[in-house]
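Chemist: Here you go, target_2.pdb (PDB, C-alpha atoms and all ligand atoms):
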```pdb
ATOM      1  CA  MET A   1     -15.124  -2.250  51.357
ATOM      2  CA  ARG A   2     -15.875  -5.874  52.214
ATOM      3  CA  GLU A   3     -15.262  -8.313  49.358
ATOM      4  CA  ILE A   4     -17.981 -10.706  48.332
ATOM      5  CA  GLN A   5     -17.749 -14.391  49.072
ATOM      6  CA  ILE A   6     -18.106 -16.584  46.007
ATOM      7  CA  GLY A   7     -18.776 -20.280  46.585
ATOM      8  CA  GLY A   8     -19.147 -21.567  43.040
ATOM      9  CA  LEU A   9     -18.768 -20.803  39.350
ATOM     10  CA  VAL A  10     -20.347 -22.174  36.181
ATOM     11  CA  PRO A  11     -18.011 -20.859  33.457
ATOM     12  CA  PHE A  12     -20.410 -21.150  30.523
ATOM     13  CA  THR A  13     -24.183 -21.464  30.207
ATOM     14  CA  THR A  14     -26.814 -20.752  27.565
ATOM     15  CA  ILE A  15     -29.823 -21.230  29.859
ATOM     16  CA  ASP A  16     -29.301 -18.910  32.832
ATOM     17  CA  TYR A  17     -29.711 -15.514  31.131
ATOM     18  CA  PRO A  18     -32.295 -15.336  28.334
ATOM     19  CA  GLY A  19     -30.670 -15.134  24.914
ATOM     20  CA  LYS A  20     -27.153 -14.514  26.212
ATOM     21  CA  LEU A  21     -23.997 -16.550  26.616
ATOM     22  CA  ALA A  22     -23.264 -16.248  30.314
ATOM     23  CA  CYS A  23     -21.399 -17.527  33.331
ATOM     24  CA  VAL A  24     -22.902 -17.924  36.799
ATOM     25  CA  LEU A  25     -21.332 -16.868  40.096
ATOM     26  CA  PHE A  26     -22.786 -18.581  43.179
ATOM     27  CA  LEU A  27     -22.549 -16.374  46.254
ATOM     28  CA  VAL A  28     -22.648 -17.963  49.695
ATOM     29  CA  GLY A  29     -25.332 -17.256  52.281
ATOM     30  CA  CYS A  30     -29.121 -17.556  52.195
ATOM     31  CA  PRO A  31     -31.778 -16.464  54.724
ATOM     32  CA  LEU A  32     -34.124 -19.294  53.714
ATOM     33  CA  ARG A  33     -33.977 -23.032  54.371
ATOM     34  CA  CYS A  34     -36.151 -24.484  51.615
ATOM     35  CA  VAL A  35     -36.928 -28.148  52.112
ATOM     36  CA  TYR A  36     -35.802 -28.964  48.582
ATOM     37  CA  CYS A  37     -32.647 -26.861  48.460
ATOM     38  CA  SER A  38     -30.131 -28.346  46.037
ATOM     39  CA  ASN A  39     -27.285 -26.097  47.252
ATOM     40  CA  PRO A  40     -27.067 -26.709  51.021
ATOM     41  CA  HIS A  41     -23.296 -26.125  50.907
ATOM     42  CA  LEU A  42     -23.964 -22.488  49.935
ATOM     43  CA  LEU A  43     -26.384 -21.561  52.720
ATOM     44  CA  CYS A  44     -23.969 -20.321  55.395
ATOM     45  CA  VAL A  45     -21.794 -17.262  54.978
ATOM     46  CA  GLY A  46     -18.164 -18.220  55.359
ATOM     47  CA  ASP A  47     -15.008 -17.938  53.358
ATOM     48  CA  GLY A  48     -15.854 -18.177  49.695
ATOM     49  CA  GLU A  49     -13.801 -20.677  47.739
ATOM     50  CA  TYR A  50     -13.049 -18.245  44.912
ATOM     51  CA  ASP A  51     -10.948 -15.101  45.087
ATOM     52  CA  PRO A  52     -13.168 -12.217  43.806
ATOM     53  CA  ALA A  53     -10.181 -10.389  42.288
ATOM     54  CA  SER A  54      -9.149 -13.522  40.383
ATOM     55  CA  ILE A  55     -12.701 -13.918  39.088
ATOM     56  CA  LEU A  56     -12.574 -10.332  37.787
ATOM     57  CA  ASP A  57      -9.294 -11.149  36.008
ATOM     58  CA  TRP A  58     -10.915 -14.279  34.595
ATOM     59  CA  LEU A  59     -13.884 -12.228  33.377
ATOM     60  CA  THR A  60     -11.616  -9.624  31.784
ATOM     61  CA  VAL A  61     -10.245 -12.188  29.339
ATOM     62  CA  ARG A  62     -13.795 -13.304  28.503
ATOM     63  CA  VAL A  63     -14.942  -9.905  27.290
ATOM     64  CA  GLY A  64     -16.303 -10.488  23.767
ATOM     65  CA  LYS A  65     -16.836 -14.199  24.452
ATOM     66  CA  LEU A  66     -19.413 -14.085  27.249
ATOM     67  CA  GLU A  67     -22.243 -11.546  27.191
ATOM     68  CA  ALA A  68     -23.665 -11.732  30.708
ATOM     69  CA  VAL A  69     -22.752 -12.616  34.277
ATOM     70  CA  VAL A  70     -25.487 -14.085  36.457
ATOM     71  CA  PHE A  71     -25.326 -13.747  40.241
ATOM     72  CA  SER A  72     -26.926 -16.709  41.973
ATOM     73  CA  GLY A  73     -26.586 -18.506  45.278
ATOM     74  CA  GLY A  74     -27.576 -18.994  48.005
ATOM     75  CA  GLU A  75     -29.040 -15.524  47.823
ATOM     76  CA  ALA A  76     -26.623 -13.086  46.213
ATOM     77  CA  LEU A  77     -28.264 -10.008  47.763
ATOM     78  CA  MET A  78     -27.614 -11.303  51.292
ATOM     79  CA  GLN A  79     -24.113  -9.836  50.913
ATOM     80  CA  GLY A  80     -25.721  -6.422  50.360
ATOM     81  CA  ASP A  81     -23.588  -3.533  49.181
ATOM     82  CA  ALA A  82     -20.566  -5.796  48.639
ATOM     83  CA  THR A  83     -22.566  -7.618  45.963
ATOM     84  CA  ILE A  84     -23.803  -4.381  44.396
ATOM     85  CA  GLU A  85     -20.286  -2.946  44.233
ATOM     86  CA  TYR A  86     -18.949  -6.139  42.663
ATOM     87  CA  MET A  87     -21.804  -6.104  40.118
ATOM     88  CA  ARG A  88     -20.770  -2.548  39.167
ATOM     89  CA  ARG A  89     -17.208  -3.683  38.568
ATOM     90  CA  VAL A  90     -18.388  -6.594  36.404
ATOM     91  CA  ARG A  91     -20.802  -4.363  34.460
ATOM     92  CA  ALA A  92     -18.012  -1.858  33.822
ATOM     93  CA  LEU A  93     -16.265  -4.618  31.843
ATOM     94  CA  GLY A  94     -19.236  -4.611  29.452
ATOM     95  CA  PHE A  95     -21.289  -7.568  30.698
ATOM     96  CA  LYS A  96     -25.031  -7.628  31.251
ATOM     97  CA  ILE A  97     -25.863  -8.420  34.864
ATOM     98  CA  GLY A  98     -28.418 -11.080  35.769
ATOM     99  CA  LEU A  99     -29.682 -12.063  39.208
ATOM    100  CA  HIS A 100     -31.376 -15.251  40.379
ATOM    101  CA  THR A 101     -33.104 -14.291  43.616
ATOM    102  CA  ASN A 102     -35.578 -15.520  46.201
ATOM    103  CA  GLY A 103     -36.720 -11.925  46.699
ATOM    104  CA  PHE A 104     -35.942 -11.761  50.405
ATOM    105  CA  TYR A 105     -34.180  -8.377  50.188
ATOM    106  CA  PRO A 106     -36.467  -5.885  48.381
ATOM    107  CA  ASP A 107     -34.619  -2.815  49.677
ATOM    108  CA  THR A 108     -31.279  -4.157  48.480
ATOM    109  CA  LEU A 109     -32.847  -5.048  45.144
ATOM    110  CA  ALA A 110     -34.100  -1.463  44.831
ATOM    111  CA  ARG A 111     -30.585  -0.126  45.510
ATOM    112  CA  ALA A 112     -29.158  -2.538  42.917
ATOM    113  CA  SER A 113     -31.812  -1.953  40.257
ATOM    114  CA  ASP A 114     -29.690   0.414  38.169
ATOM    115  CA  VAL A 115     -26.873  -2.131  37.827
ATOM    116  CA  ILE A 116     -28.972  -5.278  37.226
ATOM    117  CA  ASP A 117     -30.415  -5.870  33.749
ATOM    118  CA  TRP A 118     -32.583  -8.935  34.309
ATOM    119  CA  ILE A 119     -33.793 -11.031  37.235
ATOM    120  CA  GLY A 120     -35.216 -14.509  37.687
ATOM    121  CA  LEU A 121     -37.430 -14.351  40.797
ATOM    122  CA  ASP A 122     -38.665 -17.404  42.715
ATOM    123  CA  PHE A 123     -42.357 -17.474  43.679
ATOM    124  CA  LYS A 124     -42.254 -20.669  45.684
ATOM    125  CA  ALA A 125     -45.797 -21.291  46.944
ATOM    126  CA  THR A 126     -48.980 -19.639  48.165
ATOM    127  CA  CYS A 127     -48.730 -17.312  51.167
ATOM    128  CA  GLU A 128     -50.071 -20.031  53.504
ATOM    129  CA  LYS A 129     -47.436 -22.595  52.517
ATOM    130  CA  TYR A 130     -44.418 -20.299  52.284
ATOM    131  CA  PRO A 131     -43.309 -20.607  55.937
ATOM    132  CA  ASP A 132     -43.343 -24.421  55.904
ATOM    133  CA  LEU A 133     -41.466 -24.557  52.627
ATOM    134  CA  THR A 134     -38.861 -21.873  53.350
ATOM    135  CA  GLY A 135     -38.563 -21.865  57.160
ATOM    136  CA  GLN A 136     -39.190 -18.080  57.155
ATOM    137  CA  ASN A 137     -42.387 -16.261  58.128
ATOM    138  CA  ILE A 138     -41.654 -13.057  56.231
ATOM    139  CA  ALA A 139     -40.316 -14.617  53.026
ATOM    140  CA  TYR A 140     -43.607 -14.340  51.117
ATOM    141  CA  ASN A 141     -44.186 -10.662  51.861
ATOM    142  CA  ASN A 142     -40.572  -9.794  51.092
ATOM    143  CA  MET A 143     -40.760 -11.683  47.794
ATOM    144  CA  LEU A 144     -43.930  -9.775  46.801
ATOM    145  CA  ARG A 145     -42.218  -6.483  47.661
ATOM    146  CA  SER A 146     -39.271  -7.483  45.483
ATOM    147  CA  LEU A 147     -41.641  -8.340  42.667
ATOM    148  CA  ASP A 148     -43.201  -4.883  42.885
ATOM    149  CA  VAL A 149     -39.790  -3.188  43.131
ATOM    150  CA  TRP A 150     -38.682  -4.894  39.939
ATOM    151  CA  LEU A 151     -41.945  -4.375  38.046
ATOM    152  CA  ALA A 152     -41.589  -0.649  38.767
ATOM    153  CA  THR A 153     -38.233  -0.608  36.953
ATOM    154  CA  GLY A 154     -39.841  -1.847  33.721
ATOM    155  CA  LYS A 155     -36.856  -4.152  33.162
ATOM    156  CA  GLU A 156     -37.064  -7.744  31.969
ATOM    157  CA  MET A 157     -37.742 -10.558  34.399
ATOM    158  CA  GLU A 158     -38.880 -14.145  34.689
ATOM    159  CA  VAL A 159     -40.873 -15.370  37.675
ATOM    160  CA  ARG A 160     -40.200 -19.030  38.425
ATOM    161  CA  ILE A 161     -42.523 -21.443  40.189
ATOM    162  CA  THR A 162     -40.968 -24.776  41.111
ATOM    163  CA  CYS A 163     -43.776 -27.286  41.516
ATOM    164  CA  ASP A 164     -42.839 -29.417  44.509
ATOM    165  CA  PRO A 165     -46.127 -31.368  44.814
ATOM    166  CA  ARG A 166     -45.763 -31.465  48.609
ATOM    167  CA  TYR A 167     -46.133 -27.660  48.705
ATOM    168  CA  VAL A 168     -47.706 -26.660  45.382
ATOM    169  CA  GLY A 169     -50.949 -28.207  44.119
ATOM    170  CA  LYS A 170     -52.719 -27.465  40.867
ATOM    171  CA  ASP A 171     -55.096 -25.076  42.665
ATOM    172  CA  ASP A 172     -52.106 -23.311  44.203
ATOM    173  CA  LEU A 173     -50.539 -22.912  40.779
ATOM    174  CA  VAL A 174     -53.741 -21.362  39.446
ATOM    175  CA  LYS A 175     -53.836 -18.945  42.421
ATOM    176  CA  ILE A 176     -50.177 -17.989  42.052
ATOM    177  CA  THR A 177     -50.539 -17.296  38.348
ATOM    178  CA  GLU A 178     -53.652 -15.197  39.037
ATOM    179  CA  ILE A 179     -51.608 -13.052  41.422
ATOM    180  CA  LEU A 180     -48.784 -12.688  38.909
ATOM    181  CA  SER A 181     -51.111 -11.876  36.038
ATOM    182  CA  ALA A 182     -52.965  -9.264  38.115
ATOM    183  CA  ARG A 183     -49.660  -7.564  38.942
ATOM    184  CA  GLY A 184     -48.701  -7.334  35.274
ATOM    185  CA  VAL A 185     -46.009 -10.019  35.080
ATOM    186  CA  CYS A 186     -45.435 -11.052  31.438
ATOM    187  CA  ASN A 187     -42.941 -13.937  31.596
ATOM    188  CA  ILE A 188     -43.096 -16.917  33.910
ATOM    189  CA  ALA A 189     -41.557 -20.370  34.075
ATOM    190  CA  ILE A 190     -43.228 -23.433  35.560
ATOM    191  CA  GLN A 191     -40.408 -25.683  36.726
ATOM    192  CA  LYS A 192     -40.587 -29.371  37.415
ATOM    193  CA  TYR A 193     -39.447 -30.277  40.887
ATOM    194  CA  ILE A 194     -36.328 -32.455  40.928
ATOM    195  CA  PRO A 195     -35.772 -34.344  44.198
ATOM    196  CA  HIS A 196     -32.247 -33.998  45.572
ATOM    197  CA  PHE A 197     -32.393 -34.751  49.277
ATOM    198  CA  GLU A 198     -35.863 -36.163  49.899
ATOM    199  CA  ASP A 199     -36.793 -37.676  53.212
ATOM    200  CA  ALA A 200     -38.021 -41.215  52.412
ATOM    201  CA  SER A 201     -41.037 -40.716  54.695
ATOM    202  CA  ASN A 202     -42.165 -37.706  52.623
ATOM    203  CA  ALA A 203     -40.990 -38.648  49.156
ATOM    204  CA  THR A 204     -42.610 -37.728  45.830
ATOM    205  CA  SER A 205     -43.304 -39.967  42.855
ATOM    206  CA  GLU A 206     -42.701 -39.196  39.192
ATOM    207  CA  SER A 207     -46.453 -38.982  38.537
ATOM    208  CA  MET A 208     -46.824 -36.439  41.384
ATOM    209  CA  ARG A 209     -43.997 -34.348  39.968
ATOM    210  CA  SER A 210     -45.217 -34.453  36.366
ATOM    211  CA  GLN A 211     -48.957 -33.851  37.061
ATOM    212  CA  PHE A 212     -48.686 -30.131  36.197
ATOM    213  CA  PHE A 213     -47.113 -30.829  32.838
ATOM    214  CA  THR A 214     -49.562 -33.471  31.628
ATOM    215  CA  ASP A 215     -52.730 -31.465  32.413
ATOM    216  CA  THR A 216     -53.668 -29.762  29.138
ATOM    217  CA  ASP A 217     -56.488 -27.686  30.661
ATOM    218  CA  LEU A 218     -54.175 -26.353  33.364
ATOM    219  CA  ARG A 219     -51.514 -25.505  30.822
ATOM    220  CA  ASN A 220     -53.976 -23.724  28.545
ATOM    221  CA  THR A 221     -55.418 -21.718  31.452
ATOM    222  CA  ILE A 222     -51.996 -20.575  32.569
ATOM    223  CA  ASN A 223     -50.690 -19.974  29.045
ATOM    224  CA  SER A 224     -53.636 -17.648  28.376
ATOM    225  CA  ARG A 225     -52.620 -15.351  31.237
ATOM    226  CA  PHE A 226     -49.118 -14.385  30.101
ATOM    227  CA  LYS A 227     -47.102 -13.241  27.138
ATOM    228  CA  SER A 228     -44.688 -16.132  27.685
ATOM    229  CA  VAL A 229     -44.863 -19.289  29.778
ATOM    230  CA  THR A 230     -41.919 -21.688  29.805
ATOM    231  CA  TRP A 231     -42.787 -25.209  30.933
ATOM    232  CA  ARG A 232     -39.426 -26.417  32.205
ATOM    233  CA  GLU A 233     -39.519 -30.219  32.574
TER     234      GLU A 233
HETATM  235  S1  LIG A 301     -33.705 -19.807  48.427
HETATM  236 FE1  LIG A 301     -32.556 -21.188  47.076
HETATM  237  S2  LIG A 301     -30.509 -21.350  48.004
HETATM  238 FE2  LIG A 301     -31.887 -20.503  49.582
HETATM  239  S3  LIG A 301     -32.597 -22.287  50.751
HETATM  240 FE3  LIG A 301     -34.123 -21.875  49.151
HETATM  241  S4  LIG A 301     -33.522 -23.195  47.426
HETATM  242 FE4  LIG A 301     -31.728 -23.056  48.814
END
```
What would you get if you wrote out this structure as C-alpha cells?
Ligand code: SF4
Modeler:
Amino acid sequence: MREIQIGGLVPFTTIDYPGKLACVLFLVGCPLRCVYCSNPHLLCVGDGEYDPASILDWLTVRVGKLEAVVFSGGEALMQGDATIEYMRRVRALGFKIGLHTNGFYPDTLARASDVIDWIGLDFKATCEKYPDLTGQNIAYNNMLRSLDVWLATGKEMEVRITCDPRYVGKDDLVKITEILSARGVCNIAIQKYIPHFEDASNATSESMRSQFFTDTDLRNTINSRFKSVTWRE
C-alpha cells in the first residue's frame, strides 16, 4: 500500500469543518492550475514533508481534543486509494472526516463516500470560464459529477464560490446559484477573492473584489435560493 504524501498541517482550526474543532492535512498534488492558487507549493506530487505514520501518532494523542480531520490540498483525492485508506485509519480513531475538494475525481469521491462525513466543494466559475481559470477542459464536468455523487449520499456539504472578478461576474454568480439551487444544494458560501500572486497587468481592485458583497439585491436574490448562504468576506 502506497503511503500518502502530506505537504502541510494546520494543527487547530474552528473554521474548516462546520461546528467542529479540527485540524487540516494538506496533501500534495493537484490536477488544476487555477490562476489564483494560493498553494502553488502543493501542486506537484513529490515527497511529502510530513511522515504519515507520525501524523497518525500525533492524532492519537488528540483524541477527545479534536473532533474532525479535514483533508485539503492540492487535491487530496489525487492520491486515490492511498488517501481513502488513510482516511479510514484516521476515522477509526474516532474523528469525523472532512474533505475540501475541487471535484475533479468523482469516481474516487464515490469510493470514499462511506468514510467522508462532510465535503466543501469548489464551484469556481461558469462552464465557459472554467478552462481559462483552471487550465483544464474537463474540470467543470468532473466537478458537476462530484456534486451529484455527493448529493446522492444525502450527507452534509458546502459548495464554495470564490468570486475572482476576472472570472466571475454578478451575472455568473446568479447563473451558478441557479444551477446549485436546481440540483437541490442547501448550503453555499460566497467567498471574497483574496489576491496572492496577481499579475500586475491583470490586477483587481478592492472595489472589484467587494462588488458582490455590497449589492443588497444580489445578496437577497441568492439568499432566497438556499437554506444557508455564508458571505465570507
Ligand atoms: S484546485 Fe485549489 S490547489 Fe488546485 S490549483 Fe486550484 S486553487 Fe490551487
Chemist: Identify, counting all atoms listed in the file, the protein, DNA and RNA residues located within 7 Å of ligand LIG 301 (chain A), and give them as number ranges by chain.
Modeler: A: 30-34, 36-40, 42-43, 73-75, 102, 134
Chemist: I'd like to see the residues matched by the PyMOL selection byres (((chain A and resi 208) around 10) and not hetatm) on this file, and ideally I'd get them as a count of residues only.
Modeler: 15
Chemist: Take the PyMOL selection byres (((chain A and resi 229) around 6) and not hetatm), apply it to the structure above, and return the hits as a list in words.
Modeler: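 That expression, the PyMOL selection byres (((chain A and resi 229) around 6) and not hetatm), corresponds here to Asn187, Ile188, Ala189, Asn223, Ser228 and Thr230 of chain A.
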Chemist: Mind dumping the selected residues with C-alpha atoms as a JSON list (two decimals), in the frame of the given file?
Modeler:
```json
[["chain", "number", "residue", "atom", "x", "y", "z"],
["A", 187, "ASN", "CA", -42.94, -13.94, 31.60],
["A", 188, "ILE", "CA", -43.10, -16.92, 33.91],
["A", 189, "ALA", "CA", -41.56, -20.37, 34.08],
["A", 223, "ASN", "CA", -50.69, -19.97, 29.04],
["A", 228, "SER", "CA", -44.69, -16.13, 27.68],
["A", 230, "THR", "CA", -41.92, -21.69, 29.80]]
```
Chemist: With distances taken over all atoms listed in the file, which residue among A:Gln5, A:Thr14, A:Gln79, A:Thr162 lies nearest Tyr105 of chain A?
Modeler: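 Using all atoms listed in the file, the shortest distance to Tyr105 of chain A belongs to A:Gln79.
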Chemist: Select, from A:Phe95, A:Tyr50, A:Tyr130, A:Phe104, the residue with the minimum atom-to-atom distance to Leu66 of chain A, counting only C-alpha atoms.
Modeler: A:Phe95
Chemist: Could you add the missing atoms to segment 101-125 of chain A, up to N, CA and C atoms, and return them as an mmCIF file, in the coordinates of the input?
Modeler:
```
data_model
loop_
_atom_site.group_PDB
_atom_site.id
_atom_site.type_symbol
_atom_site.label_atom_id
_atom_site.label_comp_id
_atom_site.auth_asym_id
_atom_site.auth_seq_id
_atom_site.Cartn_x
_atom_site.Cartn_y
_atom_site.Cartn_z
ATOM 1 N N THR A 101 -32.862 -14.716 42.239
ATOM 2 C CA THR A 101 -33.104 -14.291 43.616
ATOM 3 C C THR A 101 -34.373 -14.905 44.200
ATOM 4 N N ASN A 102 -34.354 -15.084 45.519
ATOM 5 C CA ASN A 102 -35.578 -15.520 46.201
ATOM 6 C C ASN A 102 -36.414 -14.323 46.656
ATOM 7 N N GLY A 103 -35.931 -13.121 46.421
ATOM 8 C CA GLY A 103 -36.720 -11.925 46.699
ATOM 9 C C GLY A 103 -36.761 -11.510 48.160
ATOM 10 N N PHE A 104 -35.849 -12.026 48.967
ATOM 11 C CA PHE A 104 -35.942 -11.761 50.405
ATOM 12 C C PHE A 104 -35.483 -10.341 50.768
ATOM 13 N N TYR A 105 -34.766 -9.679 49.863
ATOM 14 C CA TYR A 105 -34.180 -8.377 50.188
ATOM 15 C C TYR A 105 -34.669 -7.282 49.220
ATOM 16 N N PRO A 106 -35.942 -6.876 49.340
ATOM 17 C CA PRO A 106 -36.467 -5.885 48.381
ATOM 18 C C PRO A 106 -35.738 -4.548 48.418
ATOM 19 N N ASP A 107 -35.297 -4.115 49.613
ATOM 20 C CA ASP A 107 -34.619 -2.815 49.677
ATOM 21 C C ASP A 107 -33.256 -2.878 48.991
ATOM 22 N N THR A 108 -32.568 -3.994 49.163
ATOM 23 C CA THR A 108 -31.279 -4.157 48.480
ATOM 24 C C THR A 108 -31.495 -4.248 46.970
ATOM 25 N N LEU A 109 -32.543 -4.954 46.575
ATOM 26 C CA LEU A 109 -32.847 -5.048 45.144
ATOM 27 C C LEU A 109 -33.111 -3.661 44.564
ATOM 28 N N ALA A 110 -33.834 -2.826 45.310
ATOM 29 C CA ALA A 110 -34.100 -1.463 44.831
ATOM 30 C C ALA A 110 -32.790 -0.697 44.657
ATOM 31 N N ARG A 111 -31.867 -0.838 45.622
ATOM 32 C CA ARG A 111 -30.585 -0.126 45.510
ATOM 33 C C ARG A 111 -29.760 -0.644 44.341
ATOM 34 N N ALA A 112 -29.956 -1.922 43.988
ATOM 35 C CA ALA A 112 -29.158 -2.538 42.917
ATOM 36 C C ALA A 112 -29.833 -2.437 41.552
ATOM 37 N N SER A 113 -31.019 -1.838 41.488
ATOM 38 C CA SER A 113 -31.812 -1.953 40.257
ATOM 39 C C SER A 113 -31.186 -1.229 39.067
ATOM 40 N N ASP A 114 -30.304 -0.265 39.312
ATOM 41 C CA ASP A 114 -29.690 0.414 38.169
ATOM 42 C C ASP A 114 -28.561 -0.426 37.560
ATOM 43 N N VAL A 115 -28.018 -1.354 38.320
ATOM 44 C CA VAL A 115 -26.873 -2.131 37.827
ATOM 45 C C VAL A 115 -27.292 -3.515 37.309
ATOM 46 N N ILE A 116 -28.486 -3.959 37.660
ATOM 47 C CA ILE A 116 -28.972 -5.278 37.226
ATOM 48 C C ILE A 116 -29.854 -5.107 35.990
ATOM 49 N N ASP A 117 -29.653 -5.977 35.001
ATOM 50 C CA ASP A 117 -30.415 -5.870 33.749
ATOM 51 C C ASP A 117 -31.610 -6.803 33.705
ATOM 52 N N TRP A 118 -31.513 -7.928 34.397
ATOM 53 C CA TRP A 118 -32.583 -8.935 34.309
ATOM 54 C C TRP A 118 -32.568 -9.745 35.608
ATOM 55 N N ILE A 119 -33.754 -10.127 36.084
ATOM 56 C CA ILE A 119 -33.793 -11.031 37.235
ATOM 57 C C ILE A 119 -34.691 -12.242 36.946
ATOM 58 N N GLY A 120 -34.346 -13.344 37.583
ATOM 59 C CA GLY A 120 -35.216 -14.509 37.687
ATOM 60 C C GLY A 120 -35.633 -14.604 39.144
ATOM 61 N N LEU A 121 -36.928 -14.415 39.418
ATOM 62 C CA LEU A 121 -37.430 -14.351 40.797
ATOM 63 C C LEU A 121 -38.227 -15.606 41.130
ATOM 64 N N ASP A 122 -37.914 -16.225 42.267
ATOM 65 C CA ASP A 122 -38.665 -17.404 42.715
ATOM 66 C C ASP A 122 -39.965 -16.990 43.401
ATOM 67 N N PHE A 123 -41.066 -17.574 42.970
ATOM 68 C CA PHE A 123 -42.357 -17.474 43.679
ATOM 69 C C PHE A 123 -42.655 -18.914 44.062
ATOM 70 N N LYS A 124 -42.392 -19.262 45.328
ATOM 71 C CA LYS A 124 -42.254 -20.669 45.684
ATOM 72 C C LYS A 124 -43.561 -21.380 46.011
ATOM 73 N N ALA A 125 -44.559 -20.646 46.489
ATOM 74 C CA ALA A 125 -45.797 -21.291 46.944
ATOM 75 C C ALA A 125 -46.819 -20.207 47.263
#
```
